[in-house]
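Have a look at the structure below before the remarks.
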Amino acid sequence: MKKIGVLTSGGDAPGMNAAIRAVVRKAIYHEIEVFGIKNGFQGLMDGNINKMGIGSVGDIIQRGGTILYSARSEEFKTDAGQKKGIEQLKKHEIEGLIIIGGDGSFRGAQKLTEKGYPCIGVPGTIDNDIAGTDFTIGFDTALNTIIEAIDKIRDTATSHERTYVIEVMGRDAGDLALWSGLADGAESILIPEKKDDFNDVIDRLKRGHERGKKHSIIIVAEGVGSGFEYGQRIQDATELETRVTVLGYIQRGGSPTASDRVLASRLGAKAVDLLLGGKAGKMVGIQHNKLVDHDFMEILSEKHVINNEMYVLSKELSI
Ligand code: ATP
């Protein structure tokens with residue numbers, strides 16, 4: 001293999017730039033040419049492809065977002081779209097592709113692999129919702145952004161007697177809510193994996209109020225429903241004044257944490273190693289602090305699971 005490509009796809013995540021840098025530098029280290037594809041699979045079909053040198057990834061390790069931009073493309077889900085992408089890769093003599101993104105992006109990568117085009121995936125999403133890796137690139141940064149925001153809301157919470165509902169991202173996964181709830185001592189956490197816990201939240205709020213608790217923080221994962229709806233339901237059920245904050249897109253941006261930069265560097269470099277080693281159709285990941293790889297088919301058919309021990313602990317510590 002003499003030429004490889006790299007693209008970012010799906011939602012952006014802090015640390016994607018560090019992963020791009022690792023891919024480019026590791027490939028050049030092995031005397032392989034690297035091509036950056038802008039705007040994800042859309043840019044691939046459009047032929048938005050440019051050679052990247054060592055300097056092209058200078059001064060980006062600390063930046064959020066992705067210098068290659070990201071996009072979602074319906075056309076790429078079709079057979080014709082994928083063939084169009086492969087034609088562009090062939091035109092540029094690119095022999096292998098690294099895709100940094102979430103599970104949707106890996107479905108696209110799997111389709112290319114099935115059509116005989118070798119692809120390796122790097123998990124980049126703040127949601128931490130991918131099987132086969134303990135952490136995805138961007139999760140730690142988003143988590144720290146959430147913690148900072150909750151700390152600020154807590155200042156107001158200690159000054160006013162109210163219930164505070166905070167909606168966090170995570171798509172269908174509860175990891176951002178669970179980890180931020182545990183890290184910030186929230187009274188309750190509502191996550192998609194434990195949908196039936198609403199009555200328990202109400203019971204805990206009532207018990208806390210009866211013993212003189214002045215304020216409570218409830219974290220709602222977006223995957224379980226709207227923070228505003230839950231806020232209303234909580235207020236109706238407890239008759240406690242309730243305020244709702246939806247943190248929104250601030251969770252996706254910002255300079256990546258040291259943890260995300262290191263993870264992105266390790267995973268990006270490992271992806272190059274796999275491609276050069278003749279592997280295809282695999283996602284790199286980290287499990288028990290060891291770099292691993294799994295077939296796309298395997299990780300796409302499995303569901304990421306939350307750490308139940310942490311969920312139980314969050315309840316025990318917020319009695
Ligand atoms: P995030 O978790 O941040 O949303 P993602 O990678 O899951 O990231 P998606 O929008 O689901 O984001 O997927 C990104 C792109 O991957 C899609 O816009 C589409 O072009 C491509 N893609 C998704 N599913 C498929 C599929 N089944 N076949 C081919 N391509 C796909």
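If you're wondering about the labels, chains in the structure tokens are A, B, ... by order shown, residues count from 1 in each chain, ligands from 1 in order shown.
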Would you mind listing what lies within 8 Å of region 250-264 of chain A as a VMD selection string, with only C-alpha atoms counted and same-chain residues fewer than 3 positions away left out?
-> chain A and resid 12 to 16 18 to 19 22 61 to 65 126 137 to 143 145 to 146 169 247 267 to 268
Which polymer residues have any atom within 9 Å of an atom of Ile86 (chain A), counting only C-alpha atoms, with same-chain residues fewer than 4 positions away left out, as an MDAnalysis selection string?
-> chainID A and resid 44:45 81:82 90:91 112 115 117
Looking at A:Gly5, A:Gly36, A:Gly124, A:Gly55, which one is nearest to ligand 1, with distances taken over only C-alpha atoms and all ligand atoms?
->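 Of all the options, A:Gly124 lies closest to ligand 1.
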Running DSSP on the backbone, which parts of region 183-265 of chain A land in strand (DSSP E or B), as an mmCIF file with N, CA, C and O atoms, in the first residue's frame?
data_model
loop_
_atom_site.group_PDB
_atom_site.id
_atom_site.type_symbol
_atom_site.label_atom_id
_atom_site.label_comp_id
_atom_site.auth_asym_id
_atom_site.auth_seq_id
_atom_site.Cartn_x
_atom_site.Cartn_y
_atom_site.Cartn_z
ATOM 1 N N SER A 188 -30.387 12.287 40.928
ATOM 2 C CA SER A 188 -30.928 11.198 40.119
ATOM 3 C C SER A 188 -30.468 11.325 38.673
ATOM 4 O O SER A 188 -30.130 12.422 38.216
ATOM 5 N N ILE A 189 -30.492 10.198 37.988
ATOM 6 C CA ILE A 189 -30.105 10.154 36.572
ATOM 7 C C ILE A 189 -31.196 9.409 35.817
ATOM 8 O O ILE A 189 -31.613 8.329 36.238
ATOM 9 N N LEU A 190 -31.649 9.995 34.717
ATOM 10 C CA LEU A 190 -32.623 9.288 33.869
ATOM 11 C C LEU A 190 -31.955 8.954 32.547
ATOM 12 O O LEU A 190 -31.562 9.853 31.799
ATOM 13 N N SER A 216 -32.169 19.915 44.331
ATOM 14 C CA SER A 216 -31.777 18.629 43.752
ATOM 15 C C SER A 216 -31.404 18.823 42.292
ATOM 16 O O SER A 216 -31.978 19.674 41.607
ATOM 17 N N ILE A 217 -30.445 18.012 41.828
ATOM 18 C CA ILE A 217 -30.057 18.048 40.411
ATOM 19 C C ILE A 217 -30.394 16.696 39.781
ATOM 20 O O ILE A 217 -30.002 15.644 40.299
ATOM 21 N N ILE A 218 -31.160 16.748 38.706
ATOM 22 C CA ILE A 218 -31.544 15.534 37.983
ATOM 23 C C ILE A 218 -30.954 15.622 36.578
ATOM 24 O O ILE A 218 -31.204 16.586 35.858
ATOM 25 N N ILE A 219 -30.176 14.631 36.192
ATOM 26 C CA ILE A 219 -29.611 14.612 34.830
ATOM 27 C C ILE A 219 -30.508 13.745 33.947
ATOM 28 O O ILE A 219 -30.780 12.580 34.281
ATOM 29 N N VAL A 220 -30.938 14.311 32.824
ATOM 30 C CA VAL A 220 -31.771 13.566 31.876
ATOM 31 C C VAL A 220 -30.969 13.377 30.582
ATOM 32 O O VAL A 220 -30.540 14.355 29.964
ATOM 33 N N ALA A 221 -30.778 12.137 30.173
ATOM 34 C CA ALA A 221 -30.105 11.862 28.893
ATOM 35 C C ALA A 221 -31.088 12.139 27.766
ATOM 36 O O ALA A 221 -32.262 11.773 27.868
ATOM 37 N N THR A 242 -39.436 23.666 39.541
ATOM 38 C CA THR A 242 -38.412 22.962 38.760
ATOM 39 C C THR A 242 -37.915 23.828 37.606
ATOM 40 O O THR A 242 -38.703 24.454 36.909
ATOM 41 N N ARG A 243 -36.602 23.888 37.431
ATOM 42 C CA ARG A 243 -36.001 24.639 36.324
ATOM 43 C C ARG A 243 -35.262 23.672 35.400
ATOM 44 O O ARG A 243 -34.618 22.735 35.859
ATOM 45 N N VAL A 244 -35.353 23.950 34.110
ATOM 46 C CA VAL A 244 -34.750 23.027 33.129
ATOM 47 C C VAL A 244 -33.648 23.738 32.341
ATOM 48 O O VAL A 244 -33.826 24.879 31.915
ATOM 49 N N THR A 245 -32.516 23.066 32.152
ATOM 50 C CA THR A 245 -31.445 23.566 31.279
ATOM 51 C C THR A 245 -31.093 22.476 30.274
ATOM 52 O O THR A 245 -30.828 21.338 30.667
ATOM 53 N N VAL A 246 -31.129 22.843 28.989
ATOM 54 C CA VAL A 246 -30.680 21.905 27.954
ATOM 55 C C VAL A 246 -29.291 22.375 27.535
ATOM 56 O O VAL A 246 -29.142 23.469 27.001
#
Given the choices A:Ser105, A:Thr156, A:Gln88, A:Asn48, which gets closest to ligand 1 if the distance is worked out from only C-alpha atoms and all ligand atoms?
->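 Once distances to ligand 1 are computed over only C-alpha atoms and all ligand atoms, the minimum belongs to A:Ser105.
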Can you list every residue of chain A that has an atom at most 7 Å from ligand 1, with its nearest atom pair and the distance in Å to one decimal, using only C-alpha atoms and all ligand atoms, ordered by chain then number, as CSV?
residue,atom,partner,partner_atom_place_in_ligand_line,distance
A:Ser9,CA,ligand 1,14 (C),5.3
A:Gly10,CA,ligand 1,12 (O),3.5
A:Gly11,CA,ligand 1,3 (O),3.5
A:Asp12,CA,ligand 1,3 (O),6.3
A:Phe41,CA,ligand 1,20 (O),5.5
A:Gln42,CA,ligand 1,20 (O),6.9
A:Ala71,CA,ligand 1,18 (O),6.4
A:Arg72,CA,ligand 1,18 (O),3.1
A:Ser73,CA,ligand 1,20 (O),3.8
A:Glu74,CA,ligand 1,20 (O),5.4
A:Glu75,CA,ligand 1,20 (O),6.8
A:Phe76,CA,ligand 1,20 (O),4.7
A:Lys77,CA,ligand 1,29 (C),3.6
A:Thr78,CA,ligand 1,29 (C),6.6
A:Gly101,CA,ligand 1,6 (O),4.6
A:Gly102,CA,ligand 1,6 (O),3.3
A:Asp103,CA,ligand 1,7 (O),4.2
A:Gly104,CA,ligand 1,11 (O),3.4
A:Ser105,CA,ligand 1,16 (O),3.6
A:Phe106,CA,ligand 1,6 (O),6.5
A:Arg107,CA,ligand 1,26 (C),4.6
A:Gly108,CA,ligand 1,30 (N),3.3
A:Lys111,CA,ligand 1,29 (C),6.0
A:Thr125,CA,ligand 1,3 (O),4.8
A:Asp127,CA,ligand 1,2 (O),6.7
Near-Ala109 (chain A) list (8 Å; only C-alpha atoms; drop same-chain fewer than 4 positions) as a list in words =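 The residues satisfying every condition are Ile99, Ser105, Thr113, Cys119, Ile120, Gly121 and Gly281 of chain A.
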Have a look at A:Glu302, A:Phe228, A:Lys213, A:Val292 and name the one nearest to Ile319 (chain A); count only C-alpha atoms.
->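 Among A:Glu302, A:Phe228, A:Lys213, A:Val292, it is A:Lys213 that comes nearest to Ile319 (chain A).
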So what do you get for CA of Ala280 (chain A) versus CA of Lys3 (chain A), distance-wise?
->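 Between CA of Ala280 (chain A) and CA of Lys3 (chain A) the gap is 15.0 Å.
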